[in-house]
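Dumped protein04.pdb below, it's PDB, C-alpha atoms:
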```pdb
ATOM      1  CA  MET U 172     117.695  91.102  76.697
ATOM      2  CA  SER U 173     117.552  91.984  80.400
ATOM      3  CA  LEU U 174     116.752  95.329  82.013
ATOM      4  CA  ARG U 175     120.385  95.481  83.166
ATOM      5  CA  ILE U 176     121.812  95.069  79.654
ATOM      6  CA  LYS U 177     119.332  97.482  78.065
ATOM      7  CA  ALA U 178     119.932 100.059  80.816
ATOM      8  CA  LEU U 179     123.691  99.835  80.324
ATOM      9  CA  ASP U 180     123.158 100.378  76.597
ATOM     10  CA  THR U 181     120.753 103.309  77.124
ATOM     11  CA  LEU U 182     123.023 105.025  79.620
ATOM     12  CA  SER U 183     126.196 104.356  77.609
ATOM     13  CA  THR U 184     124.756 106.325  74.700
ATOM     14  CA  PHE U 185     123.333 109.171  76.829
ATOM     15  CA  ASN U 186     125.318 112.346  76.200
ATOM     16  CA  ASP U 187     123.763 115.762  76.532
ATOM     17  CA  GLY U 188     127.176 117.441  76.624
ATOM     18  CA  GLU U 189     126.949 118.717  80.208
ATOM     19  CA  LEU U 190     129.908 117.713  82.359
ATOM     20  CA  GLY U 191     127.718 117.099  85.425
ATOM     21  CA  GLN U 192     125.431 114.831  83.405
ATOM     22  CA  LEU U 193     128.396 112.895  82.020
ATOM     23  CA  ASP U 194     129.720 112.404  85.570
ATOM     24  CA  LEU U 195     126.312 111.131  86.667
ATOM     25  CA  ARG U 196     126.193 108.780  83.685
ATOM     26  CA  GLN U 197     129.493 107.238  84.784
ATOM     27  CA  ARG U 198     128.201 106.928  88.356
ATOM     28  CA  TYR U 199     125.041 105.158  87.125
ATOM     29  CA  LEU U 200     127.009 102.795  84.871
ATOM     30  CA  ARG U 201     129.387 101.861  87.724
ATOM     31  CA  HIS U 202     126.452 101.310  90.058
ATOM     32  CA  ILE U 203     124.760  98.911  87.627
ATOM     33  CA  GLU U 204     128.003  97.072  86.911
ATOM     34  CA  ILE U 205     128.869  96.404  90.570
ATOM     35  CA  ASN U 206     125.391  95.858  92.087
ATOM     36  CA  GLU U 207     123.300  92.858  91.061
ATOM     37  CA  ASP U 208     120.291  94.537  92.723
ATOM     38  CA  ALA U 209     120.967  97.991  91.238
ATOM     39  CA  PHE U 210     117.316  98.438  90.200
ATOM     40  CA  GLU U 211     115.700  97.169  93.394
ATOM     41  CA  LYS U 212     114.580  99.015  96.516
ATOM     42  CA  LYS U 213     116.602  96.576  98.601
ATOM     43  CA  CYS U 214     119.866  97.953  97.162
ATOM     44  CA  ILE U 215     120.973  99.860 100.259
ATOM     45  CA  SER U 216     123.479 102.334  98.818
ATOM     46  CA  ALA U 217     121.338 103.531  95.914
ATOM     47  CA  HIS U 218     119.062 102.239  93.200
ATOM     48  CA  ILE U 219     118.127 103.169  89.665
ATOM     49  CA  THR U 220     114.699 104.789  89.314
ATOM     50  CA  VAL U 221     112.841 106.338  86.381
ATOM     51  CA  SER U 222     110.645 109.349  85.948
ATOM     52  CA  ALA U 223     108.663 110.928  83.156
ATOM     53  CA  LEU U 224     107.709 114.519  82.623
ATOM     54  CA  VAL U 225     104.390 114.316  80.779
ATOM     55  CA  ILE U 226     103.617 117.136  78.353
ATOM     56  CA  ASP U 227     100.155 117.597  76.849
ATOM     57  CA  HIS U 228      99.611 117.015  73.121
ATOM     58  CA  ALA U 229      99.615 120.797  72.476
ATOM     59  CA  ARG U 230     102.981 120.996  74.266
ATOM     60  CA  ARG U 231     101.842 123.837  76.558
ATOM     61  CA  LYS U 232     101.145 122.037  79.831
ATOM     62  CA  VAL U 233     102.904 119.552  82.087
ATOM     63  CA  LEU U 234     101.269 116.934  84.296
ATOM     64  CA  LEU U 235     102.592 116.939  87.861
ATOM     65  CA  THR U 236     101.883 114.855  90.933
ATOM     66  CA  LEU U 237     101.891 116.111  94.497
ATOM     67  CA  HIS U 238     104.234 113.504  95.951
ATOM     68  CA  PRO U 239     103.114 112.200  99.372
ATOM     69  CA  LYS U 240     106.618 111.520 100.767
ATOM     70  CA  VAL U 241     108.328 114.607  99.363
ATOM     71  CA  GLY U 242     105.392 117.013  99.741
ATOM     72  CA  ARG U 243     106.175 118.838  96.491
ATOM     73  CA  TRP U 244     104.961 118.813  92.908
ATOM     74  CA  LEU U 245     107.085 116.449  90.791
ATOM     75  CA  GLN U 246     107.067 114.634  87.491
ATOM     76  CA  LEU U 247     105.662 111.102  87.517
ATOM     77  CA  GLY U 248     107.934 108.178  88.282
ATOM     78  CA  GLY U 249     109.194 105.552  90.627
ATOM     79  CA  HIS U 250     111.006 102.274  91.028
ATOM     80  CA  CYS U 251     111.888  99.804  88.326
ATOM     81  CA  GLU U 252     110.232  96.396  88.510
ATOM     82  CA  VAL U 253     111.534  92.963  87.567
ATOM     83  CA  SER U 254     108.971  92.819  84.741
ATOM     84  CA  ASP U 255     110.282  96.015  83.094
ATOM     85  CA  ALA U 256     112.087  95.203  79.853
ATOM     86  CA  SER U 257     113.882  98.572  79.716
ATOM     87  CA  LEU U 258     114.160 101.936  81.422
ATOM     88  CA  GLU U 259     111.773 103.309  78.793
ATOM     89  CA  ASP U 260     109.220 100.597  79.621
ATOM     90  CA  ALA U 261     109.541 101.396  83.320
ATOM     91  CA  ALA U 262     108.952 105.108  82.646
ATOM     92  CA  LEU U 263     105.871 104.323  80.553
ATOM     93  CA  ARG U 264     104.502 101.961  83.218
ATOM     94  CA  GLU U 265     104.984 104.553  85.962
ATOM     95  CA  ALA U 266     103.362 107.302  83.855
ATOM     96  CA  ARG U 267     100.357 105.086  83.116
ATOM     97  CA  GLU U 268      99.971 103.959  86.730
ATOM     98  CA  GLU U 269     100.213 107.457  88.183
ATOM     99  CA  SER U 270      98.205 109.396  85.582
ATOM    100  CA  GLY U 271      95.503 107.121  84.239
ATOM    101  CA  LEU U 272      96.679 108.079  80.749
ATOM    102  CA  THR U 273      97.517 105.220  78.399
ATOM    103  CA  HIS U 274      98.959 106.660  75.182
ATOM    104  CA  PHE U 275     102.226 108.564  74.951
ATOM    105  CA  ASP U 276     105.102 109.273  72.584
ATOM    106  CA  PHE U 277     108.663 109.875  73.772
ATOM    107  CA  LEU U 278     109.815 113.416  73.051
ATOM    108  CA  ILE U 279     113.205 111.976  72.053
ATOM    109  CA  ASP U 280     114.698 108.497  72.019
ATOM    110  CA  GLY U 281     116.313 107.933  75.379
ATOM    111  CA  PRO U 282     116.560 109.955  78.554
ATOM    112  CA  VAL U 283     116.585 113.752  78.678
ATOM    113  CA  GLN U 284     118.313 114.123  82.049
ATOM    114  CA  LEU U 285     119.840 112.233  84.975
ATOM    115  CA  ASP U 286     119.252 113.300  88.571
ATOM    116  CA  ALA U 287     120.609 111.796  91.802
ATOM    117  CA  HIS U 288     118.663 112.655  94.950
ATOM    118  CA  THR U 289     118.252 111.266  98.449
ATOM    119  CA  ILE U 290     114.883 110.157  99.848
ATOM    120  CA  ASN U 291     113.445 107.858 102.510
ATOM    121  CA  CYS U 292     111.564 105.595 100.075
ATOM    122  CA  ARG U 293     111.567 102.432 102.198
ATOM    123  CA  GLY U 294     110.667 104.072 105.484
ATOM    124  CA  ASP U 295     113.864 102.875 107.173
ATOM    125  CA  GLY U 296     116.364 105.570 106.268
ATOM    126  CA  LEU U 297     117.718 107.599 103.399
ATOM    127  CA  VAL U 298     118.742 106.080 100.088
ATOM    128  CA  THR U 299     119.931 107.669  96.861
ATOM    129  CA  HIS U 300     117.726 107.455  93.789
ATOM    130  CA  LEU U 301     119.726 107.447  90.593
ATOM    131  CA  ASP U 302     116.862 108.740  88.475
ATOM    132  CA  VAL U 303     116.753 108.386  84.685
ATOM    133  CA  GLN U 304     114.384 111.051  83.401
ATOM    134  CA  PHE U 305     112.331 110.905  80.211
ATOM    135  CA  VAL U 306     109.846 113.276  78.602
ATOM    136  CA  LEU U 307     106.563 111.905  77.268
ATOM    137  CA  VAL U 308     103.969 113.639  75.118
ATOM    138  CA  ALA U 309     100.429 112.523  75.978
ATOM    139  CA  HIS U 310      98.034 111.852  73.134
ATOM    140  CA  GLU U 311      94.935 114.060  73.141
ATOM    141  CA  ASN U 312      91.449 113.171  74.397
ATOM    142  CA  GLN U 313      92.537 111.268  77.486
ATOM    143  CA  GLU U 314      91.340 111.865  81.032
ATOM    144  CA  ILE U 315      93.749 111.886  83.951
ATOM    145  CA  ALA U 316      92.980 109.838  87.051
ATOM    146  CA  ILE U 317      94.738 110.311  90.366
ATOM    147  CA  SER U 318      96.348 107.179  91.795
ATOM    148  CA  ASN U 319      96.846 106.129  95.402
ATOM    149  CA  GLU U 320     100.533 107.094  94.953
ATOM    150  CA  SER U 321      99.693 110.795  94.813
ATOM    151  CA  LEU U 322      98.074 113.466  96.949
ATOM    152  CA  ASP U 323      96.987 115.343  93.815
ATOM    153  CA  LEU U 324      97.482 115.334  90.058
ATOM    154  CA  LYS U 325      97.168 118.442  87.874
ATOM    155  CA  TRP U 326      98.057 119.964  84.543
ATOM    156  CA  PHE U 327     100.113 123.158  84.883
ATOM    157  CA  ASN U 328     101.009 125.669  82.200
ATOM    158  CA  SER U 329     104.670 125.047  81.499
ATOM    159  CA  ASN U 330     105.498 128.686  82.225
ATOM    160  CA  GLU U 331     103.510 128.713  85.508
ATOM    161  CA  LEU U 332     104.877 125.872  87.632
ATOM    162  CA  PRO U 333     103.899 125.703  91.289
ATOM    163  CA  GLN U 334     106.345 127.358  93.675
ATOM    164  CA  ASP U 335     107.028 124.153  95.600
ATOM    165  CA  CYS U 336     108.341 122.069  92.699
ATOM    166  CA  ASP U 337     111.977 121.010  92.802
ATOM    167  CA  PHE U 338     114.978 122.286  90.865
ATOM    168  CA  ALA U 339     115.518 119.033  88.936
ATOM    169  CA  LEU U 340     111.972 119.324  87.552
ATOM    170  CA  VAL U 341     112.634 122.892  86.423
ATOM    171  CA  ARG U 342     115.856 121.773  84.696
ATOM    172  CA  LEU U 343     114.033 118.841  83.056
ATOM    173  CA  LEU U 344     111.299 121.135  81.741
ATOM    174  CA  ASP U 345     113.923 123.613  80.471
ATOM    175  CA  LYS U 346     115.653 120.802  78.573
ATOM    176  CA  ALA U 347     112.322 119.625  77.135
ATOM    177  CA  GLN U 348     111.513 123.155  75.971
ATOM    178  CA  GLN U 349     114.942 123.446  74.320
ATOM    179  CA  ILE U 350     114.280 120.192  72.453
ATOM    180  CA  LEU U 351     110.834 121.421  71.381
ATOM    181  CA  ALA U 352     112.321 124.715  70.151
ATOM    182  CA  ASN U 353     114.776 122.933  67.834
TER     183      ASN U 353
END
```
Will you turn the file into structure tokens for me?
Amino acid sequence: MSLRIKALDTLSTFNDGELGQLDLRQRYLRHIEINEDAFEKKCISAHITVSALVIDHARRKVLLTLHPKVGRWLQLGGHCEVSDASLEDAALREAREESGLTHFDFLIDGPVQLDAHTINCRGDGLVTHLDVQFVLVAHENQEIAISNESLDLKWFNSNELPQDCDFALVRLLDKAQQILAN
């Protein structure tokens, strides 16, 4: 099964009950249906990306990267690749590449949140990232390693995020904490 088909299936079943999230889901589904290159950087209007908020095994800390293009602390993530079998696989690949960690569990099956944002990822103008956001729990006894895709990489207490993180990250962490509380 292709990334396109699996992504359509994953997004079709995503329903967190929020009207804004349901509207985004429809936008993502339409984008995939009408754009053959919906997952590629070359898709000019927008492209599907993935990100993963990594929580430590004790579920008290989150791993954030200081993003070089955005200049703020964010969850890990990036572009889908042709070799990715699913959105989940892409999120795992990005988390491994950007953290040095290798073993994770998904907090829940499927995405936790969708977020559309505009960025200059290609260096030739703004494009919209239609980001599918997951939450991963890192297994214990692993060492983080900063990648060349980050200015810095740190664990933060989940109740003491840096001031320069973005609102979508705060919402994603809030949703993760609600899931953990249930």
task: Tell me which residues the PyMOL selection byres ((chain U and resi 208) around 12) grabs here, as a PyMOL selection string.
output: chain U and resi 174-175+202-207+209-219+251-253
Hits of the PyMOL selection byres ((chain U and resi 187) around 12) in this structure, as a PDB file with C-alpha atoms, in the frame of the given file:
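Writing the result to selection26.pdb gives the following:
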```pdb
ATOM      1  CA  LEU U 182     123.023 105.025  79.620  1.00  0.00           C
ATOM      2  CA  SER U 183     126.196 104.356  77.609  1.00  0.00           C
ATOM      3  CA  THR U 184     124.756 106.325  74.700  1.00  0.00           C
ATOM      4  CA  PHE U 185     123.333 109.171  76.829  1.00  0.00           C
ATOM      5  CA  ASN U 186     125.318 112.346  76.200  1.00  0.00           C
ATOM      6  CA  GLY U 188     127.176 117.441  76.624  1.00  0.00           C
ATOM      7  CA  GLU U 189     126.949 118.717  80.208  1.00  0.00           C
ATOM      8  CA  LEU U 190     129.908 117.713  82.359  1.00  0.00           C
ATOM      9  CA  GLY U 191     127.718 117.099  85.425  1.00  0.00           C
ATOM     10  CA  GLN U 192     125.431 114.831  83.405  1.00  0.00           C
ATOM     11  CA  LEU U 193     128.396 112.895  82.020  1.00  0.00           C
ATOM     12  CA  ASP U 194     129.720 112.404  85.570  1.00  0.00           C
ATOM     13  CA  LEU U 195     126.312 111.131  86.667  1.00  0.00           C
ATOM     14  CA  ARG U 196     126.193 108.780  83.685  1.00  0.00           C
ATOM     15  CA  GLY U 281     116.313 107.933  75.379  1.00  0.00           C
ATOM     16  CA  PRO U 282     116.560 109.955  78.554  1.00  0.00           C
ATOM     17  CA  VAL U 283     116.585 113.752  78.678  1.00  0.00           C
ATOM     18  CA  GLN U 284     118.313 114.123  82.049  1.00  0.00           C
ATOM     19  CA  LEU U 285     119.840 112.233  84.975  1.00  0.00           C
ATOM     20  CA  LYS U 346     115.653 120.802  78.573  1.00  0.00           C
ATOM     21  CA  GLN U 349     114.942 123.446  74.320  1.00  0.00           C
ATOM     22  CA  ILE U 350     114.280 120.192  72.453  1.00  0.00           C
TER      23      ILE U 350
END
```
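In this structure, atom CA of U:Gln304 sits 9.3 Å away from atom CA of U:Leu258.
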- line: Of U:Leu234, U:Ile279, U:Ile317, U:Leu263, the one sitting nearest U:Pro333 when using only C-alpha atoms is U:Leu234
Surrounding residues of U:Val241 excluding itself and chain neighbours under 3 positions, 12 Å, only C-alpha atoms, as a CSV table (one decimal) with C-alpha atoms, in the coordinates of the input:
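Okay, part.csv is ready:
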```csv
chain,number,residue,atom,x,y,z
U,236,THR,CA,101.9,114.9,90.9
U,237,LEU,CA,101.9,116.1,94.5
U,238,HIS,CA,104.2,113.5,96.0
U,244,TRP,CA,105.0,118.8,92.9
U,245,LEU,CA,107.1,116.4,90.8
U,246,GLN,CA,107.1,114.6,87.5
U,288,HIS,CA,118.7,112.7,95.0
U,289,THR,CA,118.3,111.3,98.4
U,290,ILE,CA,114.9,110.2,99.8
U,291,ASN,CA,113.4,107.9,102.5
U,292,CYS,CA,111.6,105.6,100.1
U,320,GLU,CA,100.5,107.1,95.0
U,321,SER,CA,99.7,110.8,94.8
U,322,LEU,CA,98.1,113.5,96.9
U,335,ASP,CA,107.0,124.2,95.6
U,336,CYS,CA,108.3,122.1,92.7
U,337,ASP,CA,112.0,121.0,92.8
```
Expansion of the PyMOL selection byres ((chain U and resi 344) around 10) into residues, as a JSON list (two decimals) with C-alpha atoms, keeping the file's coordinate frame:
```json
[["chain", "number", "residue", "atom", "x", "y", "z"],
["U", 224, "LEU", "CA", 107.71, 114.52, 82.62],
["U", 225, "VAL", "CA", 104.39, 114.32, 80.78],
["U", 226, "ILE", "CA", 103.62, 117.14, 78.35],
["U", 233, "VAL", "CA", 102.90, 119.55, 82.09],
["U", 246, "GLN", "CA", 107.07, 114.63, 87.49],
["U", 283, "VAL", "CA", 116.58, 113.75, 78.68],
["U", 284, "GLN", "CA", 118.31, 114.12, 82.05],
["U", 306, "VAL", "CA", 109.85, 113.28, 78.60],
["U", 329, "SER", "CA", 104.67, 125.05, 81.50],
["U", 330, "ASN", "CA", 105.50, 128.69, 82.22],
["U", 332, "LEU", "CA", 104.88, 125.87, 87.63],
["U", 338, "PHE", "CA", 114.98, 122.29, 90.86],
["U", 339, "ALA", "CA", 115.52, 119.03, 88.94],
["U", 340, "LEU", "CA", 111.97, 119.32, 87.55],
["U", 341, "VAL", "CA", 112.63, 122.89, 86.42],
["U", 342, "ARG", "CA", 115.86, 121.77, 84.70],
["U", 343, "LEU", "CA", 114.03, 118.84, 83.06],
["U", 345, "ASP", "CA", 113.92, 123.61, 80.47],
["U", 346, "LYS", "CA", 115.65, 120.80, 78.57],
["U", 347, "ALA", "CA", 112.32, 119.62, 77.14],
["U", 348, "GLN", "CA", 111.51, 123.16, 75.97],
["U", 349, "GLN", "CA", 114.94, 123.45, 74.32],
["U", 350, "ILE", "CA", 114.28, 120.19, 72.45]]
```
query: So which residues fall inside 12 Å of (95.1, 121.1, 75.7) if we count all atoms listed in the file? Mind giving them as an NGL selection string?
result: :U and (226-234 or 308-314 or 326-329)
I need the chosen residues saved as a short mmCIF file (atom, residue, chain, number, x, y, z; two decimals), in the coordinates of the input, with C-alpha atoms.
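What follows is the written file out.cif:
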```
data_model
loop_
_atom_site.label_atom_id
_atom_site.label_comp_id
_atom_site.auth_asym_id
_atom_site.auth_seq_id
_atom_site.Cartn_x
_atom_site.Cartn_y
_atom_site.Cartn_z
CA ILE U 226 103.62 117.14 78.35
CA ASP U 227 100.16 117.60 76.85
CA HIS U 228 99.61 117.02 73.12
CA ALA U 229 99.62 120.80 72.48
CA ARG U 230 102.98 121.00 74.27
CA ARG U 231 101.84 123.84 76.56
CA LYS U 232 101.14 122.04 79.83
CA VAL U 233 102.90 119.55 82.09
CA LEU U 234 101.27 116.93 84.30
CA VAL U 308 103.97 113.64 75.12
CA ALA U 309 100.43 112.52 75.98
CA HIS U 310 98.03 111.85 73.13
CA GLU U 311 94.94 114.06 73.14
CA ASN U 312 91.45 113.17 74.40
CA GLN U 313 92.54 111.27 77.49
CA GLU U 314 91.34 111.86 81.03
CA TRP U 326 98.06 119.96 84.54
CA PHE U 327 100.11 123.16 84.88
CA ASN U 328 101.01 125.67 82.20
CA SER U 329 104.67 125.05 81.50
#
```
message: Quick check, in Å to one decimal: how far apart do atom CA of U:His250 and atom CA of U:Lys325 lie?
response: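 Separation of atom CA of U:His250 and atom CA of U:Lys325: 21.5 Å.
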d(atom CA of U:Asp180, atom CA of U:Val303) in Å: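 About the pair atom CA of U:Asp180 and atom CA of U:Val303: they are 13.1 Å apart.
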